[in-house]
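> Sharing model14.cif (mmCIF, C-alpha atoms and all ligand atoms) below.
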data_start
#
loop_
_atom_site.label_atom_id
_atom_site.label_comp_id
_atom_site.auth_asym_id
_atom_site.auth_seq_id
_atom_site.Cartn_x
_atom_site.Cartn_y
_atom_site.Cartn_z
CA MET A 10 -0.04 -25.32 -24.37
CA ILE A 11 2.49 -24.06 -21.82
CA ASN A 12 4.13 -25.97 -18.98
CA VAL A 13 3.94 -24.67 -15.41
CA LEU A 14 6.19 -26.47 -12.95
CA PHE A 15 4.94 -26.51 -9.36
CA ALA A 16 8.21 -26.58 -7.41
CA ALA A 17 7.32 -26.83 -3.75
CA LYS A 18 6.98 -29.50 -1.10
CA PRO A 19 4.57 -32.34 -2.01
CA GLU A 20 2.04 -31.31 0.66
CA ARG A 21 1.70 -27.91 -1.05
CA TRP A 22 0.82 -29.62 -4.32
CA VAL A 23 -2.09 -31.33 -2.60
CA GLU A 24 -3.38 -27.89 -1.55
CA TYR A 25 -2.62 -26.07 -4.78
CA GLU A 26 -3.31 -28.47 -7.61
CA THR A 27 -7.01 -27.71 -8.00
CA PRO A 28 -7.02 -23.95 -7.19
CA LEU A 29 -4.04 -23.32 -9.47
CA LYS A 30 -5.51 -25.22 -12.40
CA ASP A 31 -8.87 -23.47 -11.86
CA ALA A 32 -7.24 -20.03 -11.66
CA LEU A 33 -5.23 -20.57 -14.86
CA GLU A 34 -8.34 -21.71 -16.67
CA ALA A 35 -10.28 -18.71 -15.37
CA ALA A 36 -7.47 -16.45 -16.60
CA GLY A 37 -7.85 -17.96 -20.05
CA VAL A 38 -4.48 -19.73 -19.97
CA THR A 39 -4.18 -23.26 -21.35
CA ALA A 40 -1.46 -24.88 -19.30
CA ASN A 41 -0.08 -28.21 -18.17
CA VAL A 42 0.54 -27.87 -14.44
CA GLN A 43 2.70 -30.59 -12.93
CA THR A 44 5.38 -31.25 -10.35
CA LYS A 45 7.78 -32.78 -12.92
CA PHE A 46 8.90 -31.74 -16.40
CA ALA A 47 12.13 -31.89 -18.30
CA PRO A 48 13.70 -28.54 -17.26
CA GLU A 49 14.07 -27.29 -20.82
CA GLU A 50 10.30 -27.68 -21.35
CA VAL A 51 9.24 -25.45 -18.44
CA ASP A 52 7.65 -22.04 -19.19
CA TYR A 53 6.99 -20.87 -15.60
CA ILE A 54 8.04 -22.10 -12.17
CA VAL A 55 5.71 -21.69 -9.20
CA TYR A 56 8.14 -21.76 -6.30
CA ALA A 57 8.10 -22.09 -2.53
CA PRO A 58 11.06 -22.28 -0.13
CA ASN A 59 12.56 -25.74 0.45
CA SER A 60 11.76 -26.70 -3.12
CA ALA A 61 13.98 -29.35 -4.72
CA VAL A 62 14.75 -26.84 -7.49
CA GLN A 63 17.83 -24.88 -6.49
CA ASP A 64 19.70 -24.71 -9.81
CA PHE A 65 17.72 -22.76 -12.38
CA THR A 66 20.39 -23.05 -15.11
CA PRO A 67 18.70 -25.92 -17.03
CA TYR A 68 15.37 -24.05 -17.17
CA THR A 69 16.37 -22.35 -20.40
CA ARG A 70 12.82 -21.60 -21.62
CA CYS A 71 11.43 -20.37 -18.28
CA LYS A 72 9.96 -16.86 -18.48
CA ALA A 73 9.51 -16.22 -14.75
CA VAL A 74 9.74 -17.75 -11.30
CA LEU A 75 6.59 -17.01 -9.32
CA ASN A 76 7.22 -17.17 -5.58
CA LEU A 77 4.30 -18.33 -3.45
CA TRP A 78 5.53 -16.38 -0.44
CA ALA A 79 5.82 -12.64 0.16
CA GLY A 80 9.35 -13.00 1.54
CA VAL A 81 11.98 -13.92 -1.06
CA GLU A 82 15.11 -14.17 1.07
CA SER A 83 15.54 -17.88 0.35
CA ILE A 84 15.73 -17.37 -3.42
CA VAL A 85 16.64 -13.75 -4.20
CA GLY A 86 20.39 -14.32 -3.89
CA ASN A 87 20.40 -17.46 -6.08
CA LYS A 88 23.01 -16.73 -8.78
CA THR A 89 21.52 -19.30 -11.18
CA LEU A 90 18.24 -17.38 -11.28
CA THR A 91 18.53 -15.17 -14.34
CA MET A 92 14.83 -14.90 -15.22
CA PRO A 93 12.41 -12.43 -13.52
CA LEU A 94 11.39 -13.31 -9.95
CA CYS A 95 7.92 -12.26 -8.80
CA ARG A 96 6.90 -12.37 -5.15
CA MET A 97 3.48 -13.02 -3.68
CA VAL A 98 1.12 -10.16 -3.03
CA ASP A 99 -2.05 -11.96 -2.04
CA PRO A 100 -5.21 -10.16 -0.91
CA GLY A 101 -6.00 -13.11 1.37
CA MET A 102 -2.60 -12.87 3.03
CA THR A 103 -2.94 -9.10 3.45
CA GLN A 104 -6.33 -9.52 5.11
CA GLY A 105 -4.91 -12.20 7.42
CA MET A 106 -1.97 -10.00 8.39
CA LYS A 107 -4.25 -7.05 9.16
CA GLU A 108 -6.34 -9.23 11.45
CA TRP A 109 -3.29 -10.70 13.22
CA VAL A 110 -1.55 -7.35 13.72
CA VAL A 111 -4.69 -5.56 14.89
CA GLY A 112 -5.41 -8.41 17.31
CA HIS A 113 -1.97 -8.39 18.88
CA VAL A 114 -1.77 -4.60 19.04
CA MET A 115 -5.18 -4.52 20.73
CA ARG A 116 -4.04 -7.13 23.25
CA HIS A 117 -1.20 -4.88 24.34
CA HIS A 118 -3.13 -1.65 24.02
CA LEU A 119 -5.99 -2.85 26.23
CA GLY A 120 -3.73 -4.73 28.65
CA MET A 121 -5.84 -7.82 28.06
CA ASP A 122 -3.43 -10.19 29.81
CA ARG A 123 -3.81 -8.36 33.09
CA ASN A 124 -7.58 -8.71 33.01
CA ILE A 125 -7.90 -12.13 31.45
CA LEU A 126 -5.11 -13.91 33.32
CA GLY A 127 -5.42 -12.11 36.66
CA GLN A 128 -8.63 -13.71 37.93
CA ASN A 129 -7.41 -13.73 41.53
CA GLY A 130 -9.85 -11.48 43.37
CA ASP A 131 -7.71 -8.39 42.87
CA TRP A 132 -10.00 -5.48 41.95
CA THR A 133 -7.50 -2.90 40.75
CA PRO A 134 -8.76 -0.95 37.76
CA HIS A 135 -6.16 -0.25 35.04
CA VAL A 136 -8.00 1.81 32.47
CA PRO A 137 -6.27 1.73 29.08
CA PRO A 138 -5.79 4.99 27.19
CA LEU A 139 -7.87 5.65 24.11
CA ALA A 140 -6.31 4.57 20.83
CA GLN A 141 -5.67 8.19 19.87
CA ASP A 142 -3.31 8.43 22.83
CA ARG A 143 -1.35 5.32 21.87
CA ARG A 144 1.48 5.71 19.36
CA VAL A 145 2.00 2.77 17.05
CA THR A 146 4.88 2.62 14.58
CA ILE A 147 4.88 0.21 11.67
CA MET A 148 8.34 -0.55 10.29
CA GLY A 149 7.79 -1.30 6.61
CA LEU A 150 5.03 0.36 4.63
CA GLY A 151 4.74 -2.12 1.78
CA GLU A 152 1.72 -4.22 0.88
CA LEU A 153 1.32 -5.57 4.40
CA GLY A 154 2.65 -2.68 6.48
CA SER A 155 0.53 -0.05 4.77
CA ALA A 156 -2.62 -2.20 5.09
CA CYS A 157 -1.93 -2.63 8.83
CA ALA A 158 -1.15 1.08 9.25
CA GLU A 159 -4.47 1.99 7.66
CA ALA A 160 -6.40 -0.53 9.75
CA LEU A 161 -4.87 0.81 12.99
CA ARG A 162 -5.39 4.40 11.86
CA ASP A 163 -9.06 3.60 11.21
CA LEU A 164 -9.32 2.35 14.80
CA GLY A 165 -8.06 5.74 15.95
CA PHE A 166 -4.43 4.95 16.81
CA ASP A 167 -1.73 7.58 16.38
CA VAL A 168 0.12 5.71 13.62
CA ALA A 169 3.50 6.34 12.03
CA GLY A 170 5.29 4.19 9.50
CA TRP A 171 8.84 3.86 8.30
CA SER A 172 10.07 2.76 4.89
CA ARG A 173 13.12 3.01 2.63
CA ARG A 174 11.58 5.57 0.28
CA ALA A 175 9.19 8.42 1.06
CA LYS A 176 5.50 7.49 1.29
CA ASP A 177 2.24 9.36 1.64
CA ILE A 178 -0.59 7.60 3.47
CA THR A 179 -3.53 9.69 4.65
CA GLY A 180 -3.64 9.95 8.43
CA VAL A 181 -0.32 8.15 8.92
CA THR A 182 2.93 9.96 9.75
CA CYS A 183 5.26 8.61 7.08
CA LEU A 184 8.97 8.56 7.89
CA HIS A 185 11.75 7.07 5.85
CA GLY A 186 15.43 6.30 5.58
CA ASP A 187 18.15 6.77 8.15
CA ASP A 188 16.87 10.26 8.99
CA GLY A 189 13.41 8.98 9.94
CA LEU A 190 14.51 5.91 11.90
CA LYS A 191 15.15 7.49 15.26
CA THR A 192 11.90 9.47 15.18
CA ALA A 193 10.01 6.31 14.19
CA LEU A 194 11.42 4.29 17.10
CA ALA A 195 11.35 7.08 19.69
CA ARG A 196 7.54 7.44 19.37
CA ALA A 197 6.75 3.71 19.29
CA ASP A 198 4.67 2.72 22.30
CA ILE A 199 3.90 -0.32 20.18
CA LEU A 200 6.26 -1.26 17.34
CA VAL A 201 5.18 -3.57 14.52
CA LEU A 202 7.90 -4.99 12.26
CA LEU A 203 6.82 -5.69 8.69
CA LEU A 204 10.12 -5.36 6.89
CA PRO A 205 11.65 -7.98 4.62
CA LYS A 206 14.89 -9.69 5.58
CA THR A 207 17.66 -8.10 3.53
CA ALA A 208 21.28 -7.20 4.14
CA ALA A 209 20.09 -3.70 5.11
CA THR A 210 17.41 -4.79 7.60
CA GLU A 211 19.26 -7.59 9.43
CA ASN A 212 19.70 -6.69 13.12
CA LEU A 213 17.92 -3.40 12.50
CA LEU A 214 16.62 -3.60 16.05
CA ASN A 215 19.92 -3.76 17.92
CA ALA A 216 20.72 -2.62 21.45
CA GLU A 217 21.25 1.01 20.49
CA ARG A 218 18.02 1.29 18.52
CA LEU A 219 16.03 -0.55 21.18
CA SER A 220 17.29 2.10 23.61
CA TRP A 221 15.71 4.80 21.43
CA MET A 222 12.26 3.33 22.08
CA PRO A 223 10.16 4.61 24.99
CA LYS A 224 10.54 2.71 28.27
CA GLY A 225 7.82 0.09 28.54
CA ALA A 226 7.34 -0.18 24.76
CA MET A 227 5.98 -3.35 23.21
CA ILE A 228 7.16 -5.08 20.04
CA VAL A 229 5.13 -7.17 17.62
CA ASN A 230 7.22 -8.96 14.98
CA PRO A 231 5.46 -10.77 12.14
CA GLY A 232 8.22 -9.65 9.70
CA ARG A 233 11.32 -11.84 9.94
CA GLY A 234 13.37 -13.07 12.91
CA PRO A 235 16.73 -11.60 11.83
CA LEU A 236 15.30 -8.06 11.97
CA ILE A 237 15.95 -8.30 15.72
CA ASP A 238 19.24 -8.85 17.53
CA ASP A 239 17.92 -11.52 19.91
CA ASP A 240 20.50 -10.94 22.66
CA ALA A 241 19.78 -7.22 22.59
CA LEU A 242 16.06 -7.86 22.87
CA LEU A 243 16.52 -10.27 25.78
CA GLY A 244 18.64 -7.61 27.48
CA ALA A 245 15.96 -4.96 26.95
CA LEU A 246 13.27 -7.34 28.27
CA ASN A 247 15.41 -8.13 31.33
CA SER A 248 15.89 -4.46 32.13
CA GLY A 249 12.20 -3.71 31.62
CA HIS A 250 12.96 -1.21 28.89
CA ILE A 251 10.85 -3.35 26.57
CA ALA A 252 7.73 -4.58 28.36
CA HIS A 253 6.68 -7.33 25.96
CA ALA A 254 7.62 -8.89 22.63
CA THR A 255 5.18 -10.86 20.51
CA LEU A 256 7.27 -12.81 18.03
CA ASP A 257 5.92 -14.83 15.11
CA VAL A 258 9.19 -15.29 13.21
CA PHE A 259 12.67 -16.42 14.24
CA ARG A 260 16.18 -16.94 12.92
CA VAL A 261 15.67 -20.68 13.30
CA GLU A 262 12.20 -22.12 12.76
CA PRO A 263 10.74 -24.05 14.47
CA LEU A 264 12.12 -22.07 17.41
CA PRO A 265 14.37 -24.57 19.29
CA LYS A 266 12.77 -25.92 22.45
CA ASP A 267 15.62 -24.61 24.61
CA HIS A 268 15.51 -21.07 23.21
CA PRO A 269 15.23 -18.49 26.01
CA TYR A 270 12.21 -16.86 24.36
CA TRP A 271 10.04 -19.82 25.39
CA ALA A 272 10.78 -19.20 29.06
CA TYR A 273 10.16 -15.45 29.16
CA PRO A 274 6.79 -14.50 30.61
CA ASN A 275 6.89 -11.25 28.67
CA VAL A 276 7.56 -12.92 25.33
CA THR A 277 4.76 -14.41 23.28
CA VAL A 278 5.86 -16.94 20.69
CA THR A 279 3.56 -17.80 17.81
CA PRO A 280 4.66 -20.40 15.22
CA HIS A 281 4.94 -18.29 12.04
CA ILE A 282 1.20 -18.08 11.60
CA ALA A 283 0.67 -14.34 11.32
CA SER A 284 -0.57 -14.77 7.80
CA GLU A 285 -0.44 -17.64 5.36
CA THR A 286 -0.53 -17.38 1.62
CA ARG A 287 -4.12 -18.40 0.83
CA THR A 288 -4.41 -21.02 -1.91
CA LYS A 289 -7.34 -19.54 -3.85
CA THR A 290 -6.32 -15.89 -3.92
CA SER A 291 -2.62 -16.62 -4.40
CA SER A 292 -3.40 -19.01 -7.27
CA GLU A 293 -5.25 -16.15 -8.94
CA VAL A 294 -2.18 -13.92 -8.53
CA VAL A 295 0.06 -16.60 -10.08
CA ALA A 296 -2.39 -17.12 -12.94
CA GLU A 297 -2.52 -13.39 -13.64
CA ASN A 298 1.26 -13.26 -13.99
CA VAL A 299 1.27 -16.27 -16.30
CA ARG A 300 -1.44 -14.61 -18.40
CA ARG A 301 0.62 -11.43 -18.53
CA GLY A 302 3.70 -13.34 -19.59
CA GLU A 303 1.79 -15.03 -22.39
CA VAL A 304 0.30 -11.82 -23.84
CA GLY A 305 3.50 -9.80 -23.42
CA GLU A 306 2.29 -7.56 -20.59
CA PRO A 307 4.76 -6.70 -17.80
CA PHE A 308 4.72 -9.00 -14.78
CA VAL A 309 3.42 -7.61 -11.49
CA HIS A 310 5.23 -7.79 -8.12
CA VAL A 311 8.65 -8.20 -9.69
CA VAL A 312 11.40 -8.39 -7.07
CA ASP A 313 14.10 -5.73 -7.11
CA ARG A 314 17.09 -8.09 -6.95
CA GLY A 315 19.46 -5.29 -5.95
CA ALA A 316 17.35 -4.21 -2.98
CA GLY A 317 16.65 -7.86 -2.09
CA TYR A 318 12.84 -7.63 -1.84
P1 LIG A 401 6.83 -5.19 0.63
O1 LIG A 401 8.01 -5.49 -0.22
O2 LIG A 401 5.56 -4.80 -0.03
O3 LIG A 401 7.19 -4.04 1.66
C1 LIG A 401 8.41 -3.98 2.33
C2 LIG A 401 8.50 -2.66 3.07
O4 LIG A 401 9.74 -2.62 3.78
C3 LIG A 401 8.51 -1.45 2.12
O5 LIG A 401 7.78 -0.40 2.67
C4 LIG A 401 9.99 -1.11 2.04
O6 LIG A 401 10.27 0.25 1.76
C5 LIG A 401 10.42 -1.43 3.45
N1 LIG A 401 11.87 -1.62 3.49
C6 LIG A 401 12.62 -2.58 2.90
N2 LIG A 401 13.93 -2.40 3.14
C7 LIG A 401 14.01 -1.30 3.93
C8 LIG A 401 15.08 -0.61 4.52
N3 LIG A 401 16.34 -1.00 4.35
N4 LIG A 401 14.81 0.48 5.26
C9 LIG A 401 13.53 0.89 5.43
N5 LIG A 401 12.46 0.28 4.89
C10 LIG A 401 12.71 -0.81 4.15
O7 LIG A 401 6.63 -6.47 1.55
P2 LIG A 401 5.28 -6.98 2.24
O8 LIG A 401 4.65 -5.83 2.94
O9 LIG A 401 4.47 -7.76 1.28
O10 LIG A 401 5.89 -8.03 3.29
C11 LIG A 401 6.78 -7.61 4.31
C12 LIG A 401 7.40 -8.82 4.98
O11 LIG A 401 6.45 -9.46 5.81
C13 LIG A 401 7.85 -9.94 4.05
O12 LIG A 401 9.10 -9.65 3.45
C14 LIG A 401 7.95 -11.10 5.00
O13 LIG A 401 9.24 -11.09 5.58
C15 LIG A 401 6.90 -10.78 6.07
N6 LIG A 401 5.76 -11.71 6.04
C16 LIG A 401 5.50 -12.46 7.14
C17 LIG A 401 4.44 -13.33 7.18
C18 LIG A 401 4.13 -14.11 8.41
O14 LIG A 401 3.22 -14.95 8.40
N7 LIG A 401 4.80 -13.89 9.51
C19 LIG A 401 3.55 -13.48 6.02
C20 LIG A 401 3.90 -12.64 4.92
C21 LIG A 401 4.97 -11.78 4.94
P3 LIG A 401 9.82 0.90 0.36
O15 LIG A 401 8.32 1.03 0.46
O16 LIG A 401 10.50 2.20 0.35
O17 LIG A 401 10.25 -0.07 -0.70
#
Written as structure tokens, how would this file's structure read?

Amino acid sequence: MINVLFAAKPERWVEYETPLKDALEAAGVTANVQTKFAPEEVDYIVYAPNSAVQDFTPYTRCKAVLNLWAGVESIVGNKTLTMPLCRMVDPGMTQGMKEWVVGHVMRHHLGMDRNILGQNGDWTPHVPPLAQDRRVTIMGLGELGSACAEALRDLGFDVAGWSRRAKDITGVTCLHGDDGLKTALARADILVLLLPKTAATENLLNAERLSWMPKGAMIVNPGRGPLIDDDALLGALNSGHIAHATLDVFRVEPLPKDHPYWAYPNVTVTPHIASETRTKTSSEVVAENVRRGEVGEPFVHVVDRGAGY
């Protein structure tokens, strides 16, 4: 019998207790799953940000920390974490992100606001271009970015993506590294940010790089708030260089009530809901890694601590 510590806020335990126990059983793992153990008796830690566990030193027997979230910025730099760290790659979350990104890109592509909000007797047709004439760039071609790129490609959009290393995705123009950055931004009528927050991606979208984007471009950010220099974005919105920003993530969450973003008509704020980790599918991912650990197979979705994601 192994011990799996669920180290997250109590309300998560209410959601996860049954699916996690079911998933472990279905994976053929006999485990005690609890929110409290003596640290030296713990074999795996299922972790979510804001957990009470911050010092991993006493967890001497622990074989892996299994993060419930895709983003690992709150834990990856923890010096006491010497065991493998696995992040969440959850089919349910990927599906949710595809739906959210496609929805918000379509809103901007079709100019839905103009037609839905402008019910004032003004009959001025604004016919949107076809998807094939709209260039969308996805920054980040990982689990989520590549799924969104493929979904938008399948709708007919002219899609490019940008990543750290070279990629090959059918029907998507794949750019990478410093060399590809300017090309990626310069063709972005609609820019979707699906990068992790790391030292290398913080403030990626600064004033200079925003100026590389086409005038009137739109930004959709379900990645992380610090990817954007907020003052630079507000400046670009003020000048009209950027027409609209749909922002799901922020440096400080909840976004403070007096933050200028709330007052901008051409900013849409959503409260970090682009895609949640789904309890059933993510429990299955956790259980699979525990199973792997127990039979000596390599863990999946192991975080590259040097790269920070
Ligand atoms: P992945 O790790 O699978 O993908 C990350 C992508 O970013 C990869 O393509 C990677 O390049 C690229 N990348 C990382 N650093 C750089 C860099 N310095 N320069 C260029 N490209 C870089 O992550 P996911 O797709 O699973 O998730 C992406 C992010 O989405 C998460 O980190 C999280 O912040 C956010 N997220 C937001 C949610 C929400 O509800 N708003 C929900 C879930 C996730 P390469 O392929 O070369 O490694």
> Quick one: contact table of chain A to ligand LIG 401 (chain A), 6 Å max, nearest atom pair and distance in Å to one decimal per residue, counting all atoms listed in the file, chain and number order, as a tab-separated table?

residue	atom	partner	partner_atom	distance
A:Ala79	CA	A:LIG401	C21	4.9
A:Gly80	CA	A:LIG401	O12	3.9
A:Val98	CA	A:LIG401	O9	6.0
A:Gly149	CA	A:LIG401	O4	3.7
A:Leu150	CA	A:LIG401	O5	3.5
A:Gly151	CA	A:LIG401	O3	3.1
A:Glu152	CA	A:LIG401	O8	3.9
A:Leu153	CA	A:LIG401	O8	3.6
A:Gly154	CA	A:LIG401	O8	5.1
A:Ser172	CA	A:LIG401	N5	3.4
A:Arg173	CA	A:LIG401	C9	3.5
A:Arg174	CA	A:LIG401	O16	3.5
A:Gly186	CA	A:LIG401	C9	5.7
A:Leu203	CA	A:LIG401	O11	4.8
A:Leu204	CA	A:LIG401	O4	4.2
A:Pro205	CA	A:LIG401	O12	3.3
A:Lys206	CA	A:LIG401	O13	5.8
A:Ala209	CA	A:LIG401	N3	4.7
A:Thr210	CA	A:LIG401	N3	5.1
A:Pro231	CA	A:LIG401	N7	4.1
A:Gly232	CA	A:LIG401	C15	4.0
A:Arg233	CA	A:LIG401	O13	4.9
A:Asp257	CA	A:LIG401	N7	5.8
A:Val258	CA	A:LIG401	N7	5.9
A:His281	CA	A:LIG401	N7	5.1
A:Ile282	CA	A:LIG401	O14	4.9
A:Ala283	CA	A:LIG401	O14	3.9
A:Ser284	CA	A:LIG401	O14	3.8
A:Glu285	CA	A:LIG401	O14	5.5
A:Tyr318	CA	A:LIG401	O1	5.5
> Of the candidates A:Met102, A:Val295, A:Leu242, A:Leu184, which shows the shortest atom-to-atom distance to Tyr270 of chain A, using only C-alpha atoms?
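For Tyr270 of chain A, the nearest of the given residues is A:Leu242.
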> For Val74 of chain A, find every residue with an atom within 10 Å (counting only C-alpha atoms), except residues of its own chain fewer than 2 positions away, and show them as a VMD selection string.
chain A and resid 13 to 14 16 52 to 57 65 71 to 72 76 to 77 84 90 to 96 295 298 to 299 311
> Can I get the residues of segment 61-103 of chain A within 12 Å of segment 107-117 of chain A, each with the closest pair of atoms and their distance in Å to one decimal, using only C-alpha atoms, sorted chain first then ascending number, as a tab-separated table?

residue	atom	partner	partner_atom	distance
A:Pro100	CA	A:Lys107	CA	10.6
A:Gly101	CA	A:Lys107	CA	10.0
A:Met102	CA	A:Lys107	CA	8.6
A:Thr103	CA	A:Lys107	CA	6.2
> Please indicate the distance in Å from atom CA of Thr69 of chain A to atom CA of Ser83 of chain A, rounded to one decimal place.
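Separation between atom CA of Thr69 of chain A and atom CA of Ser83 of chain A: 21.2 Å.
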> Would you mind exporting segment 289-297 of chain A with all heavy atoms, as a short mmCIF file (atom, residue, chain, number, x, y, z; two decimals), in the first residue's frame?

data_model
loop_
_atom_site.label_atom_id
_atom_site.label_comp_id
_atom_site.auth_asym_id
_atom_site.auth_seq_id
_atom_site.Cartn_x
_atom_site.Cartn_y
_atom_site.Cartn_z
N LYS A 289 -12.03 14.52 -13.47
CA LYS A 289 -12.00 13.10 -13.87
C LYS A 289 -10.77 12.82 -14.72
O LYS A 289 -9.97 11.93 -14.42
CB LYS A 289 -13.29 12.74 -14.61
CG LYS A 289 -13.36 11.27 -14.98
CD LYS A 289 -14.72 10.88 -15.54
CE LYS A 289 -14.81 9.39 -15.82
NZ LYS A 289 -13.85 8.93 -16.82
N THR A 290 -10.61 13.62 -15.79
CA THR A 290 -9.51 13.32 -16.71
C THR A 290 -8.15 13.60 -16.05
O THR A 290 -7.19 12.86 -16.27
CB THR A 290 -9.66 14.13 -18.01
OG1 THR A 290 -10.09 15.46 -17.70
CG2 THR A 290 -10.66 13.49 -18.95
N SER A 291 -8.08 14.63 -15.22
CA SER A 291 -6.78 14.91 -14.59
C SER A 291 -6.45 13.86 -13.54
O SER A 291 -5.28 13.51 -13.34
CB SER A 291 -6.76 16.31 -13.98
OG SER A 291 -7.68 16.41 -12.94
N SER A 292 -7.46 13.33 -12.86
CA SER A 292 -7.21 12.24 -11.90
C SER A 292 -6.64 11.04 -12.62
O SER A 292 -5.75 10.34 -12.10
CB SER A 292 -8.51 11.85 -11.19
OG SER A 292 -8.96 12.91 -10.40
N GLU A 293 -7.11 10.79 -13.82
CA GLU A 293 -6.59 9.65 -14.59
C GLU A 293 -5.12 9.87 -14.96
O GLU A 293 -4.32 8.94 -14.95
CB GLU A 293 -7.44 9.45 -15.86
CG GLU A 293 -8.83 8.90 -15.55
CD GLU A 293 -9.85 9.07 -16.67
OE1 GLU A 293 -9.49 9.57 -17.76
OE2 GLU A 293 -11.01 8.70 -16.44
N VAL A 294 -4.77 11.13 -15.25
CA VAL A 294 -3.38 11.45 -15.59
C VAL A 294 -2.49 11.25 -14.36
O VAL A 294 -1.40 10.67 -14.44
CB VAL A 294 -3.28 12.90 -16.11
CG1 VAL A 294 -1.84 13.30 -16.35
CG2 VAL A 294 -4.09 13.05 -17.40
N VAL A 295 -2.96 11.71 -13.20
CA VAL A 295 -2.21 11.52 -11.95
C VAL A 295 -2.03 10.02 -11.68
O VAL A 295 -0.93 9.55 -11.38
CB VAL A 295 -2.94 12.20 -10.77
CG1 VAL A 295 -2.37 11.76 -9.43
CG2 VAL A 295 -2.85 13.73 -10.91
N ALA A 296 -3.12 9.28 -11.81
CA ALA A 296 -3.07 7.84 -11.51
C ALA A 296 -2.10 7.13 -12.45
O ALA A 296 -1.37 6.23 -12.02
CB ALA A 296 -4.47 7.25 -11.64
N GLU A 297 -2.07 7.53 -13.69
CA GLU A 297 -1.15 6.91 -14.65
C GLU A 297 0.30 7.16 -14.23
O GLU A 297 1.14 6.25 -14.29
CB GLU A 297 -1.42 7.45 -16.06
CG GLU A 297 -0.39 7.09 -17.12
CD GLU A 297 -0.20 5.58 -17.37
OE1 GLU A 297 -0.98 4.79 -16.83
OE2 GLU A 297 0.75 5.22 -18.08
#
